[in-house]
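A.B. asks: Sharing data05.cif below, mmCIF, C-alpha atoms and all ligand atoms:
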data_run
loop_
_atom_site.label_atom_id
_atom_site.label_comp_id
_atom_site.auth_asym_id
_atom_site.auth_seq_id
_atom_site.Cartn_x
_atom_site.Cartn_y
_atom_site.Cartn_z
CA MET X 1 0.00 0.00 0.00
CA GLY X 2 2.94 2.29 0.74
CA ASN X 3 4.12 2.17 -2.86
CA PHE X 4 0.64 2.58 -4.24
CA LYS X 5 0.23 5.78 -2.29
CA LYS X 6 3.43 7.14 -3.81
CA ILE X 7 2.15 6.53 -7.35
CA GLY X 8 -1.03 8.39 -6.42
CA ASP X 9 0.99 11.33 -5.15
CA THR X 10 2.92 11.52 -8.43
CA ILE X 11 -0.21 11.57 -10.54
CA GLU X 12 -1.67 14.23 -8.30
CA ASN X 13 1.43 16.36 -8.76
CA VAL X 14 1.42 16.23 -12.57
CA SER X 15 -2.35 16.42 -12.84
CA SER X 16 -2.35 20.09 -13.84
CA GLU X 17 -0.40 19.21 -16.99
CA VAL X 18 -2.88 16.58 -18.07
CA ASP X 19 -5.89 18.68 -17.05
CA MET X 20 -7.33 16.47 -14.33
CA SER X 21 -9.74 17.95 -11.83
CA ARG X 22 -8.07 18.54 -8.46
CA ILE X 23 -8.17 20.41 -5.19
CA VAL X 24 -5.50 22.16 -3.14
CA ILE X 25 -5.53 21.80 0.65
CA ASP X 26 -3.70 24.31 2.85
CA SER X 27 -2.53 22.19 5.77
CA GLU X 28 -1.96 25.33 7.85
CA LYS X 29 -5.66 26.17 7.61
CA CYS X 30 -7.17 22.70 8.10
CA LYS X 31 -8.68 22.33 11.58
CA ALA X 32 -9.55 18.65 11.24
CA CYS X 33 -13.32 19.08 11.42
CA TYR X 34 -13.70 16.33 8.76
CA LEU X 35 -16.84 17.87 7.25
CA CYS X 36 -15.31 17.65 3.75
CA ILE X 37 -14.87 13.87 3.94
CA LYS X 38 -18.61 13.10 3.88
CA GLU X 39 -19.23 15.71 1.20
CA CYS X 40 -16.97 14.21 -1.50
CA PRO X 41 -19.05 11.99 -3.80
CA LYS X 42 -15.87 10.16 -4.87
CA HIS X 43 -14.46 9.63 -1.36
CA LEU X 44 -11.14 11.24 -2.29
CA ILE X 45 -10.51 13.03 1.00
CA LYS X 46 -9.18 11.03 3.94
CA ILE X 47 -7.66 11.61 7.36
CA SER X 48 -3.86 11.70 6.98
CA ASP X 49 -0.99 11.14 9.37
CA LYS X 50 -0.01 14.82 9.23
CA THR X 51 -1.06 16.99 12.16
CA ASN X 52 -1.92 20.66 12.59
CA LYS X 53 -0.44 22.83 15.34
CA LEU X 54 -2.92 21.43 17.87
CA GLY X 55 -1.91 17.89 17.04
CA ASP X 56 -5.14 16.98 15.22
CA LYS X 57 -4.80 14.81 12.15
CA ILE X 58 -5.56 16.91 9.06
CA VAL X 59 -7.01 15.60 5.81
CA GLU X 60 -5.36 14.78 2.50
CA PHE X 61 -6.56 14.50 -1.10
CA ASN X 62 -5.72 11.18 -2.67
CA ASP X 63 -6.82 10.71 -6.27
CA SER X 64 -4.71 8.00 -7.90
CA GLN X 65 -7.58 7.13 -10.28
CA ASN X 66 -8.17 10.73 -11.42
CA ALA X 67 -11.72 10.50 -10.20
CA CYS X 68 -12.08 14.06 -8.90
CA LEU X 69 -15.08 15.78 -10.47
CA GLY X 70 -13.97 19.33 -9.78
CA CYS X 71 -17.40 19.79 -8.22
CA ALA X 72 -16.09 21.91 -5.30
CA LEU X 73 -18.58 20.39 -2.88
CA CYS X 74 -15.67 19.87 -0.46
CA ALA X 75 -14.57 23.50 -0.67
CA THR X 76 -18.14 24.78 -0.39
CA ARG X 77 -18.50 22.83 2.85
CA CYS X 78 -15.07 23.57 4.41
CA PRO X 79 -15.70 26.17 7.12
CA ASP X 80 -12.05 27.26 7.20
CA MET X 81 -11.35 27.69 3.49
CA ALA X 82 -8.57 25.13 3.98
CA ILE X 83 -9.51 23.80 0.55
CA THR X 84 -8.16 26.90 -1.11
CA GLU X 85 -8.46 26.02 -4.79
CA VAL X 86 -10.53 23.65 -6.93
CA TYR X 87 -9.80 23.04 -10.62
CA LYS X 88 -12.05 21.32 -13.12
CA GLY X 89 -10.17 19.51 -15.87
CA MET S 1 -7.83 23.22 -20.23
CA GLU S 2 -8.48 23.33 -16.52
CA THR S 3 -10.66 26.03 -15.07
CA GLN S 4 -10.55 27.23 -11.50
CA VAL S 5 -14.00 26.69 -10.00
CA PHE S 6 -13.20 27.67 -6.41
CA LYS S 7 -10.85 30.19 -4.86
CA ILE S 8 -10.61 32.25 -1.67
CA PRO S 9 -12.64 35.40 -2.37
CA GLU S 10 -10.63 38.48 -3.36
CA SER S 11 -12.40 40.38 -0.59
CA PHE S 12 -10.41 38.44 2.03
CA LYS S 13 -7.12 39.60 3.50
CA LYS S 14 -4.23 37.67 2.02
CA ASP S 15 -2.94 36.30 5.36
CA PHE S 16 -6.31 35.87 7.08
CA ARG S 17 -6.74 33.08 9.58
CA TYR S 18 -10.13 32.26 11.02
CA THR S 19 -10.23 32.10 14.81
CA PHE S 20 -13.39 29.97 14.98
CA CYS S 21 -13.59 26.50 16.51
CA PRO S 22 -13.28 23.54 14.11
CA GLY S 23 -16.47 23.04 12.10
CA CYS S 24 -18.05 26.39 13.07
CA ASP S 25 -20.37 27.72 10.35
CA HIS S 26 -19.38 31.35 11.05
CA GLY S 27 -16.55 30.58 8.61
CA VAL S 28 -18.93 29.58 5.81
CA ALA S 29 -21.16 32.62 6.39
CA ILE S 30 -18.26 35.08 6.19
CA ARG S 31 -16.92 33.34 3.08
CA LEU S 32 -20.33 33.85 1.43
CA VAL S 33 -20.24 37.54 2.37
CA GLY S 34 -16.80 37.75 0.70
CA GLU S 35 -18.01 35.93 -2.42
CA VAL S 36 -21.00 38.28 -2.73
CA MET S 37 -18.77 41.35 -2.28
CA ASP S 38 -16.55 40.02 -5.07
CA GLU S 39 -19.51 39.44 -7.38
CA LEU S 40 -20.97 42.88 -6.73
CA GLY S 41 -17.55 44.56 -6.93
CA ILE S 42 -18.16 46.57 -3.76
CA ARG S 43 -15.21 45.69 -1.52
CA GLU S 44 -13.36 48.98 -1.93
CA ASN S 45 -16.49 50.98 -1.24
CA THR S 46 -17.55 48.99 1.83
CA ILE S 47 -17.57 49.85 5.52
CA ALA S 48 -18.49 47.12 8.00
CA ALA S 49 -19.86 47.81 11.47
CA THR S 50 -18.78 44.73 13.40
CA SER S 51 -20.24 43.31 16.58
CA ILE S 52 -19.30 41.58 19.82
CA GLY S 53 -19.38 37.79 19.76
CA CYS S 54 -17.34 35.10 18.06
CA SER S 55 -17.22 37.21 14.89
CA VAL S 56 -15.65 40.13 16.80
CA THR S 57 -12.52 40.15 14.60
CA LEU S 58 -14.35 40.16 11.27
CA TYR S 59 -11.99 42.94 10.15
CA ASP S 60 -9.07 40.51 10.44
CA PHE S 61 -10.65 38.35 7.76
CA LEU S 62 -12.37 40.69 5.28
CA ASP S 63 -10.29 43.34 3.55
CA VAL S 64 -12.72 46.20 4.21
CA ASP S 65 -12.81 49.29 6.36
CA ALA S 66 -14.51 48.44 9.63
CA ILE S 67 -15.61 50.01 12.87
CA GLU S 68 -16.11 47.97 16.02
CA ALA S 69 -19.45 48.65 17.66
CA PRO S 70 -20.13 48.03 21.36
CA HIS S 71 -22.19 44.89 22.05
CA GLY S 72 -25.59 45.18 20.36
CA ARG S 73 -24.93 48.57 18.81
CA ALA S 74 -23.81 47.51 15.33
CA LEU S 75 -26.96 48.85 13.65
CA ALA S 76 -26.77 52.15 15.56
CA VAL S 77 -23.11 52.61 14.56
CA ALA S 78 -23.90 51.54 10.99
CA THR S 79 -26.71 54.10 10.84
CA GLY S 80 -24.26 56.90 11.66
CA VAL S 81 -21.67 55.61 9.22
CA LYS S 82 -24.19 55.36 6.38
CA ARG S 83 -25.85 58.72 7.03
CA ALA S 84 -22.44 60.43 7.08
CA ASN S 85 -21.28 58.48 4.00
CA PRO S 86 -24.39 57.79 1.91
CA ASP S 87 -22.29 56.68 -1.06
CA LYS S 88 -20.64 53.86 0.89
CA PHE S 89 -21.95 50.33 1.12
CA VAL S 90 -22.43 49.60 4.85
CA PHE S 91 -23.20 46.24 6.42
CA THR S 92 -23.30 44.62 9.85
CA TYR S 93 -22.54 41.04 10.88
CA SER S 94 -23.69 39.99 14.35
CA GLY S 95 -24.67 36.99 16.42
CA ASP S 96 -28.19 36.33 17.67
CA GLY S 97 -27.29 37.65 21.11
CA ASP S 98 -25.83 40.83 19.69
CA PHE S 99 -28.61 41.46 17.16
CA ALA S 100 -31.70 40.24 18.99
CA SER S 101 -30.99 40.43 22.72
CA ILE S 102 -28.87 43.35 23.91
CA GLY S 103 -29.24 45.01 20.48
CA LEU S 104 -32.88 44.27 19.71
CA ALA S 105 -33.96 47.92 19.94
CA GLU S 106 -31.10 49.15 17.75
CA SER S 107 -31.70 46.39 15.20
CA LEU S 108 -35.47 46.67 14.84
CA HIS S 109 -35.46 50.47 14.85
CA ALA S 110 -32.91 50.51 12.05
CA ALA S 111 -35.34 48.33 10.08
CA LEU S 112 -38.30 50.53 11.09
CA ARG S 113 -36.44 53.63 9.94
CA GLY S 114 -35.71 51.88 6.66
CA GLU S 115 -32.01 52.61 7.00
CA SER S 116 -30.14 51.89 3.79
CA LEU S 117 -28.11 49.10 5.41
CA SER S 118 -27.58 45.36 5.05
CA ALA S 119 -27.49 43.20 8.18
CA ILE S 120 -26.48 39.58 8.68
CA CYS S 121 -27.43 37.77 11.90
CA ILE S 122 -25.88 34.43 12.82
CA ASN S 123 -28.41 32.37 14.80
CA ASN S 124 -26.61 29.61 16.69
CA THR S 125 -29.16 29.50 19.55
CA THR S 126 -26.60 30.57 22.15
CA TYR S 127 -24.01 33.10 23.28
CA GLY S 128 -21.10 31.31 21.68
CA MET S 129 -18.22 33.56 22.64
CA THR S 130 -18.94 33.68 26.35
CA GLY S 131 -19.37 29.94 26.80
CA GLY S 132 -22.84 28.91 25.71
CA GLN S 133 -25.38 30.81 27.79
CA LEU S 134 -29.10 30.99 27.02
CA GLY S 135 -29.77 33.56 24.31
CA PRO S 136 -32.88 35.02 22.69
CA THR S 137 -33.00 32.18 20.13
CA THR S 138 -32.30 29.29 22.50
CA LEU S 139 -34.86 26.59 21.67
CA LEU S 140 -37.43 25.32 24.16
CA GLY S 141 -35.88 22.41 26.03
CA GLN S 142 -32.34 23.40 25.07
CA VAL S 143 -29.79 22.93 27.83
CA THR S 144 -27.31 25.80 28.17
CA THR S 145 -24.98 26.90 30.97
CA THR S 146 -27.69 29.26 32.24
CA SER S 147 -30.64 26.92 31.58
CA PRO S 148 -29.18 23.71 33.02
CA THR S 149 -32.52 21.89 32.99
CA GLY S 150 -33.47 23.17 29.55
CA ARG S 151 -35.33 26.29 28.42
CA ASN S 152 -38.89 26.22 29.70
CA VAL S 153 -41.58 28.73 28.82
CA GLU S 154 -42.65 29.42 32.41
CA TYR S 155 -39.24 30.72 33.43
CA TYR S 156 -37.56 31.94 30.23
CA GLY S 157 -40.35 32.58 27.70
CA TYR S 158 -40.18 31.78 24.01
CA PRO S 159 -37.32 32.08 21.48
CA ILE S 160 -37.59 35.02 19.07
CA LYS S 161 -38.15 34.52 15.34
CA ILE S 162 -35.90 37.26 14.08
CA ALA S 163 -36.47 37.18 10.31
CA GLU S 164 -40.26 37.37 10.83
CA HIS S 165 -39.92 40.37 13.19
CA VAL S 166 -37.65 42.21 10.78
CA ALA S 167 -40.07 41.46 7.94
CA LEU S 168 -42.87 43.16 9.90
CA CYS S 169 -40.93 46.45 9.93
CA ASP S 170 -42.23 48.76 7.22
CA GLY S 171 -38.74 50.02 6.39
CA THR S 172 -37.53 46.52 5.54
CA ALA S 173 -36.97 45.80 1.85
CA PHE S 174 -35.78 42.20 2.22
CA SER S 175 -35.82 39.71 5.08
CA ALA S 176 -34.96 36.03 4.80
CA ARG S 177 -33.86 33.09 6.91
CA VAL S 178 -31.41 30.58 5.47
CA SER S 179 -29.48 27.56 6.69
CA LEU S 180 -25.96 26.24 6.09
CA ASP S 181 -26.70 22.58 6.84
CA THR S 182 -26.37 21.35 3.24
CA ILE S 183 -24.56 22.45 0.08
CA VAL S 184 -27.89 23.35 -1.56
CA ASN S 185 -28.80 25.51 1.42
CA ILE S 186 -25.36 27.15 1.42
CA ARG S 187 -26.05 28.19 -2.19
CA LYS S 188 -29.46 29.57 -1.25
CA ALA S 189 -27.86 31.44 1.65
CA LYS S 190 -25.49 33.15 -0.76
CA GLN S 191 -28.40 34.26 -2.96
CA ALA S 192 -30.16 35.72 0.08
CA ILE S 193 -27.04 37.62 1.18
CA LYS S 194 -26.71 38.99 -2.35
CA LYS S 195 -30.33 40.18 -2.32
CA ALA S 196 -29.91 41.82 1.10
CA PHE S 197 -26.88 43.67 -0.28
CA GLU S 198 -28.58 44.61 -3.57
CA VAL S 199 -31.58 46.28 -1.91
CA GLN S 200 -29.13 48.69 -0.26
CA LEU S 201 -27.28 49.28 -3.53
CA HIS S 202 -30.63 50.12 -5.19
CA GLY S 203 -31.72 52.35 -2.30
CA LEU S 204 -34.79 50.24 -1.53
CA GLY S 205 -34.40 50.05 2.26
CA PHE S 206 -33.18 47.69 4.93
CA GLY S 207 -31.83 44.27 3.85
CA PHE S 208 -31.63 41.39 6.32
CA VAL S 209 -30.59 37.73 6.44
CA GLU S 210 -30.79 35.45 9.47
CA ILE S 211 -28.41 32.52 9.01
CA LEU S 212 -28.98 29.31 10.98
CA SER S 213 -25.49 28.35 12.08
CA THR S 214 -23.68 25.83 14.27
CA CYS S 215 -21.80 26.08 17.55
CA PRO S 216 -20.32 22.58 17.88
CA THR S 217 -18.26 23.61 20.92
CA ASN S 218 -21.07 24.83 23.13
CA TRP S 219 -23.58 22.33 21.78
CA HIS S 220 -21.09 19.59 22.73
CA MET S 221 -21.51 17.98 19.32
CA SER S 222 -19.31 16.99 16.41
CA PRO S 223 -19.53 19.41 13.45
CA GLU S 224 -21.57 16.80 11.58
CA GLN S 225 -23.99 16.23 14.48
CA ALA S 226 -24.35 19.99 14.72
CA HIS S 227 -25.68 20.16 11.15
CA GLU S 228 -28.15 17.40 12.00
CA ARG S 229 -29.33 19.49 14.95
CA VAL S 230 -29.82 22.50 12.67
CA ARG S 231 -31.91 20.32 10.37
CA ASN S 232 -33.91 18.38 12.93
CA GLU S 233 -34.35 20.88 15.77
CA MET S 234 -33.76 24.41 14.50
CA MET S 235 -35.32 24.41 11.03
CA PRO S 236 -38.79 23.22 12.18
CA VAL S 237 -38.94 26.22 14.57
CA PHE S 238 -36.89 28.75 12.60
CA VAL S 239 -38.34 27.93 9.20
CA PRO S 240 -36.10 29.03 6.31
CA GLY S 241 -37.68 31.23 3.67
CA ILE S 242 -38.08 34.74 2.31
CA TYR S 243 -40.31 36.69 4.69
CA LYS S 244 -40.30 39.99 2.80
CA ASP S 245 -39.03 41.02 -0.60
CA VAL S 246 -40.14 44.36 -2.03
CA THR S 247 -38.28 43.66 -5.28
CA GLU S 248 -40.89 41.04 -6.13
CA LYS S 249 -43.28 43.88 -6.95
CA LEU S 250 -40.66 45.94 -8.76
CA PHE S 251 -39.22 43.56 -11.33
C1 LIG A 301 -22.18 45.32 27.11
C2 LIG A 301 -21.66 43.92 27.08
N1 LIG A 301 -22.35 42.96 27.71
C3 LIG A 301 -21.93 41.68 27.69
C4 LIG A 301 -20.79 41.34 27.03
C5 LIG A 301 -20.31 39.91 27.03
N2 LIG A 301 -20.55 39.24 25.77
C6 LIG A 301 -19.58 39.12 24.83
S1 LIG A 301 -20.09 38.27 23.47
C7 LIG A 301 -21.62 38.03 24.15
C8 LIG A 301 -22.69 37.24 23.46
C9 LIG A 301 -22.36 36.83 22.07
O1 LIG A 301 -23.38 36.02 21.56
P1 LIG A 301 -23.87 36.18 20.09
O2 LIG A 301 -24.14 37.59 19.76
O3 LIG A 301 -25.00 35.23 19.89
O4 LIG A 301 -22.59 35.76 19.21
P2 LIG A 301 -21.89 34.33 19.02
O5 LIG A 301 -20.66 34.37 19.83
O6 LIG A 301 -22.86 33.28 19.45
O7 LIG A 301 -21.62 34.26 17.55
C10 LIG A 301 -21.71 38.62 25.42
C11 LIG A 301 -22.92 38.53 26.26
C12 LIG A 301 -20.07 42.38 26.36
N3 LIG A 301 -18.95 42.12 25.68
N4 LIG A 301 -20.52 43.64 26.41
S1 LIG A 302 -13.94 18.64 -6.04
FE1 LIG A 302 -15.64 17.16 -5.71
S2 LIG A 302 -14.81 15.19 -6.35
FE2 LIG A 302 -13.04 16.57 -6.11
S3 LIG A 302 -12.34 16.22 -3.99
FE3 LIG A 302 -13.81 17.92 -3.89
S4 LIG A 302 -15.80 16.98 -3.47
FE4 LIG A 302 -14.40 15.34 -4.16
S1 LIG A 303 -13.57 20.69 5.95
FE1 LIG A 303 -11.72 21.96 5.79
S2 LIG A 303 -10.98 22.24 7.89
FE2 LIG A 303 -12.47 20.54 7.90
S3 LIG A 303 -11.20 18.69 7.66
FE3 LIG A 303 -11.85 19.30 5.59
S4 LIG A 303 -10.18 20.63 4.83
FE4 LIG A 303 -9.91 20.44 7.06
S1 LIG A 304 -17.85 29.11 20.37
FE1 LIG A 304 -19.37 28.34 18.90
S2 LIG A 304 -19.90 30.11 17.59
FE2 LIG A 304 -17.97 30.59 18.67
S3 LIG A 304 -16.33 29.98 17.25
FE3 LIG A 304 -16.70 28.25 18.64
S4 LIG A 304 -18.22 26.97 17.57
FE4 LIG A 304 -18.24 28.99 16.58
MG MG A 305 -24.97 33.31 19.11
#
Rewrite the structure of this file - the entire thing - as structure tokens.
Ligand SMILES: Cc1ncc(C[n+]2csc(CCOP(=O)(O)OP(=O)(O)O)c2C)c(N)n1
Ligand code: SF4
Ligand code: SF4
Ligand code: SF4
Ligand SMILES: [Mg+2]
C.D. replies:
Amino acid sequence: MGNFKKIGDTIENVSSEVDMSRIVIDSEKCKACYLCIKECPKHLIKISDKTNKLGDKIVEFNDSQNACLGCALCATRCPDMAITEVYKG
Amino acid sequence: METQVFKIPESFKKDFRYTFCPGCDHGVAIRLVGEVMDELGIRENTIAATSIGCSVTLYDFLDVDAIEAPHGRALAVATGVKRANPDKFVFTYSGDGDFASIGLAESLHAALRGESLSAICINNTTYGMTGGQLGPTTLLGQVTTTSPTGRNVEYYGYPIKIAEHVALCDGTAFSARVSLDTIVNIRKAKQAIKKAFEVQLHGLGFGFVEILSTCPTNWHMSPEQAHERVRNEMMPVFVPGIYKDVTEKLF
């Protein structure tokens, strides 16, 4: 699973070149309320191992299958504007 | 080609950082205000009269001129600001305690005078900032730090329905109640805020939106449970809808 996650990260990083829909999460702004997780119809947002300043586990976007719809439901829900950008490919 | 479908509104300060608790809907409400200011292109011409409550540092988030009003006096301060600067767009953003308890007289009289102002009231059924005391909108049966056995009519009376009261004021051009419990309702909330701002821009009178909002911290709920409470307990009492809209007759 560790390797698989790495491949996902790579695709996420080059996704702007191949015009895939994607979101940008500002880990400094995420307060780990987890409201975005339920909102994503493709289940692309998950609790990560990274923590914010208070030690709460923040979320990460993981889209190895390029399934993101660019629907911005996650960003519309996020109370802290921690999902700072959404692109539709 | 990819298109950006979401961004932080231009009307926000570049280094802003919300001070709200995790999952608090104040953050969504203020974002909608920023999005509407962007769409109407009014940021540079705006003065906010801010209130006392969890939104006390609104001026740290929105990139507008702002004046801090004493608790409950946002509409009185805004009245002075607007009358001295009639060309400016002036709005207030207050909690239910600020708008409808200590500030009820200031708020309703601004509506009765038909002041050319736009007012947003965040109804979270409690005094959030001071630790969750009973407020004017606390629901019957609701346990707070000052109603430990729940709000009962005999002792505390009934919660106030703010949007309906504002709608009854003859100077009001627009009064609505909206909710932030779902994405669809967040979109409706934005439309209502825009309308409340537009009636001022068209000189039609007082514009008002009551926003049903969460206080996960003082409700002792997860952010998700808090939205369920808005849906199941608040919305049946504080029914969302447009209670007055003079533009219906105009256009
Ligand atoms: C004259 C005065 N009385 C009381 C207070 C204490 N106080 C600060 S905020 C607040 C209530 C805030 O509740 P609300 O307006 O509902 O805002 P919320 O924090 O829930 O968003 C009170 C009573 C004060 N600051 N000034
Ligand atoms: S934009 Fe839509 S599909 Fe993509 S992560 Fe957000 S909610 Fe999920
Ligand atoms: S909704 Fe925003 S603050 Fe909450 S977990 Fe998701 S990204 Fe973080
Ligand atoms: S106390 Fe309640 S209203 Fe205030 S920031 Fe926290 S959750 Fe929001
Ligand atoms: Mg309140």
A.B. asks: List the spatial neighbours of range 199-205 of chain S as number ranges by chain - criterion: any atom at most 12 Å away, all atoms listed in the file, same-chain residues fewer than 6 positions off excluded.
C.D. replies: S: 37, 40-42, 45-46, 82, 86-91, 110-119, 167, 169-175, 192-193, 244-250
A.B. asks: Counting only C-alpha atoms, which residues have an atom no more than 9 Å from (-26.4, 24.0, 6.3) in the file's coordinates? Please list them as a count of residues only.
C.D. replies: 19
A.B. asks: Residues within 12 Å of ligand LIG 303 (chain A), counting all atoms listed in the file: report them as a ChimeraX atom specification.
C.D. replies: /X:23-40,44-48,50-52,56-61,72-85 /S:17-18,20-25,27-28,222-224
A.B. asks: Would you list the residues near (-15.5, 39.6, -0.6) (no more than 7 Å away, in the coordinates of the file, using only C-alpha atoms) as a ChimeraX atom specification?
C.D. replies: /S:9-12,33-38,43,62
A.B. asks: Just to confirm, what's the straight-line distance from CA of Ser107 in chain S to CA of Pro136 in chain S in Å (one decimal)?
C.D. replies: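 We find that CA of Ser107 in chain S and CA of Pro136 in chain S lie 13.7 Å from each other.
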A.B. asks: Select, from X:Pro41, X:Lys53, X:Asn66, X:Met20, the residue with the minimum atom-to-atom distance to ligand LIG 302 (chain A), counting only C-alpha atoms and all ligand atoms.
C.D. replies: X:Pro41
A.B. asks: One number please: CA of Val153 in chain S to CA of Phe99 in chain S, in Å, one decimal.
C.D. replies: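 Straight-line distance from CA of Val153 in chain S to CA of Phe99 in chain S works out to 21.6 Å.
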A.B. asks: Neighbouring residues of ligand MG 305 (chain A) are defined here as those with any atom at most 7 Å from a ligand atom, counting all atoms listed in the file; list them as a ChimeraX atom specification.
C.D. replies: /S:95-97,122-128
A.B. asks: For each of X:Asp19, X:Cys68, X:Lys88, X:Gly55, take the minimum atom-to-atom distance to ligand LIG 302 (chain A), counting all atoms listed in the file, then give the residue where this is smallest.
C.D. replies: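 For ligand LIG 302 (chain A), the nearest of the given residues is X:Cys68.
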A.B. asks: For each of S:Leu32, S:Ala84, S:Cys215, S:Ile8, take the minimum atom-to-atom distance to ligand LIG 301 (chain A), counting only C-alpha atoms and all ligand atoms, then give the residue where this is smallest.
C.D. replies: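 Closest to ligand LIG 301 (chain A), using only C-alpha atoms and all ligand atoms: S:Cys215.
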A.B. asks: CA of Tyr87 in chain X and CA of Glu39 in chain S, how far apart in Å?
C.D. replies: 19.3 Å
A.B. asks: Reconstruct N, CA and C atoms of range 35-54 of chain X; output as an mmCIF file, in the coordinates of the input.
C.D. replies:
data_model
loop_
_atom_site.group_PDB
_atom_site.id
_atom_site.type_symbol
_atom_site.label_atom_id
_atom_site.label_comp_id
_atom_site.auth_asym_id
_atom_site.auth_seq_id
_atom_site.Cartn_x
_atom_site.Cartn_y
_atom_site.Cartn_z
ATOM 1 N N LEU X 35 -15.569 17.684 7.957
ATOM 2 C CA LEU X 35 -16.840 17.870 7.250
ATOM 3 C C LEU X 35 -16.700 17.582 5.753
ATOM 4 N N CYS X 36 -15.508 17.828 5.191
ATOM 5 C CA CYS X 36 -15.310 17.650 3.750
ATOM 6 C C CYS X 36 -15.370 16.171 3.355
ATOM 7 N N ILE X 37 -14.991 15.302 4.274
ATOM 8 C CA ILE X 37 -14.870 13.870 3.940
ATOM 9 C C ILE X 37 -16.211 13.315 3.468
ATOM 10 N N LYS X 38 -17.267 13.599 4.215
ATOM 11 C CA LYS X 38 -18.610 13.100 3.880
ATOM 12 C C LYS X 38 -19.148 13.746 2.608
ATOM 13 N N GLU X 39 -18.669 14.948 2.321
ATOM 14 C CA GLU X 39 -19.230 15.710 1.200
ATOM 15 C C GLU X 39 -18.740 15.193 -0.151
ATOM 16 N N CYS X 40 -17.544 14.603 -0.191
ATOM 17 C CA CYS X 40 -16.970 14.210 -1.500
ATOM 18 C C CYS X 40 -17.673 12.980 -2.058
ATOM 19 N N PRO X 41 -18.319 13.133 -3.229
ATOM 20 C CA PRO X 41 -19.050 11.990 -3.800
ATOM 21 C C PRO X 41 -18.114 10.861 -4.237
ATOM 22 N N LYS X 42 -16.841 11.173 -4.423
ATOM 23 C CA LYS X 42 -15.870 10.160 -4.870
ATOM 24 C C LYS X 42 -14.976 9.647 -3.750
ATOM 25 N N HIS X 43 -15.230 10.092 -2.543
ATOM 26 C CA HIS X 43 -14.460 9.630 -1.360
ATOM 27 C C HIS X 43 -12.950 9.827 -1.535
ATOM 28 N N LEU X 44 -12.559 10.996 -1.986
ATOM 29 C CA LEU X 44 -11.140 11.240 -2.290
ATOM 30 C C LEU X 44 -10.411 11.933 -1.131
ATOM 31 N N ILE X 45 -11.142 12.317 -0.104
ATOM 32 C CA ILE X 45 -10.510 13.030 1.000
ATOM 33 C C ILE X 45 -10.507 12.115 2.223
ATOM 34 N N LYS X 46 -9.308 11.951 2.801
ATOM 35 C CA LYS X 46 -9.180 11.030 3.940
ATOM 36 C C LYS X 46 -8.339 11.663 5.043
ATOM 37 N N ILE X 47 -8.483 11.147 6.238
ATOM 38 C CA ILE X 47 -7.660 11.610 7.360
ATOM 39 C C ILE X 47 -6.223 11.124 7.116
ATOM 40 N N SER X 48 -5.266 12.042 7.252
ATOM 41 C CA SER X 48 -3.860 11.700 6.980
ATOM 42 C C SER X 48 -3.105 11.476 8.286
ATOM 43 N N ASP X 49 -1.818 11.277 8.166
ATOM 44 C CA ASP X 49 -0.990 11.140 9.370
ATOM 45 C C ASP X 49 -0.379 12.478 9.776
ATOM 46 N N LYS X 50 -0.547 13.489 8.913
ATOM 47 C CA LYS X 50 -0.010 14.820 9.230
ATOM 48 C C LYS X 50 -0.890 15.503 10.268
ATOM 49 N N THR X 51 -0.286 16.309 11.119
ATOM 50 C CA THR X 51 -1.060 16.990 12.160
ATOM 51 C C THR X 51 -0.954 18.500 12.020
ATOM 52 N N ASN X 52 -1.991 19.194 12.505
ATOM 53 C CA ASN X 52 -1.920 20.660 12.590
ATOM 54 C C ASN X 52 -1.239 21.053 13.898
ATOM 55 N N LYS X 53 -1.193 22.353 14.168
ATOM 56 C CA LYS X 53 -0.440 22.830 15.340
ATOM 57 C C LYS X 53 -1.010 22.282 16.652
ATOM 58 N N LEU X 54 -2.293 21.955 16.647
ATOM 59 C CA LEU X 54 -2.920 21.430 17.870
ATOM 60 C C LEU X 54 -2.758 19.923 17.993
#
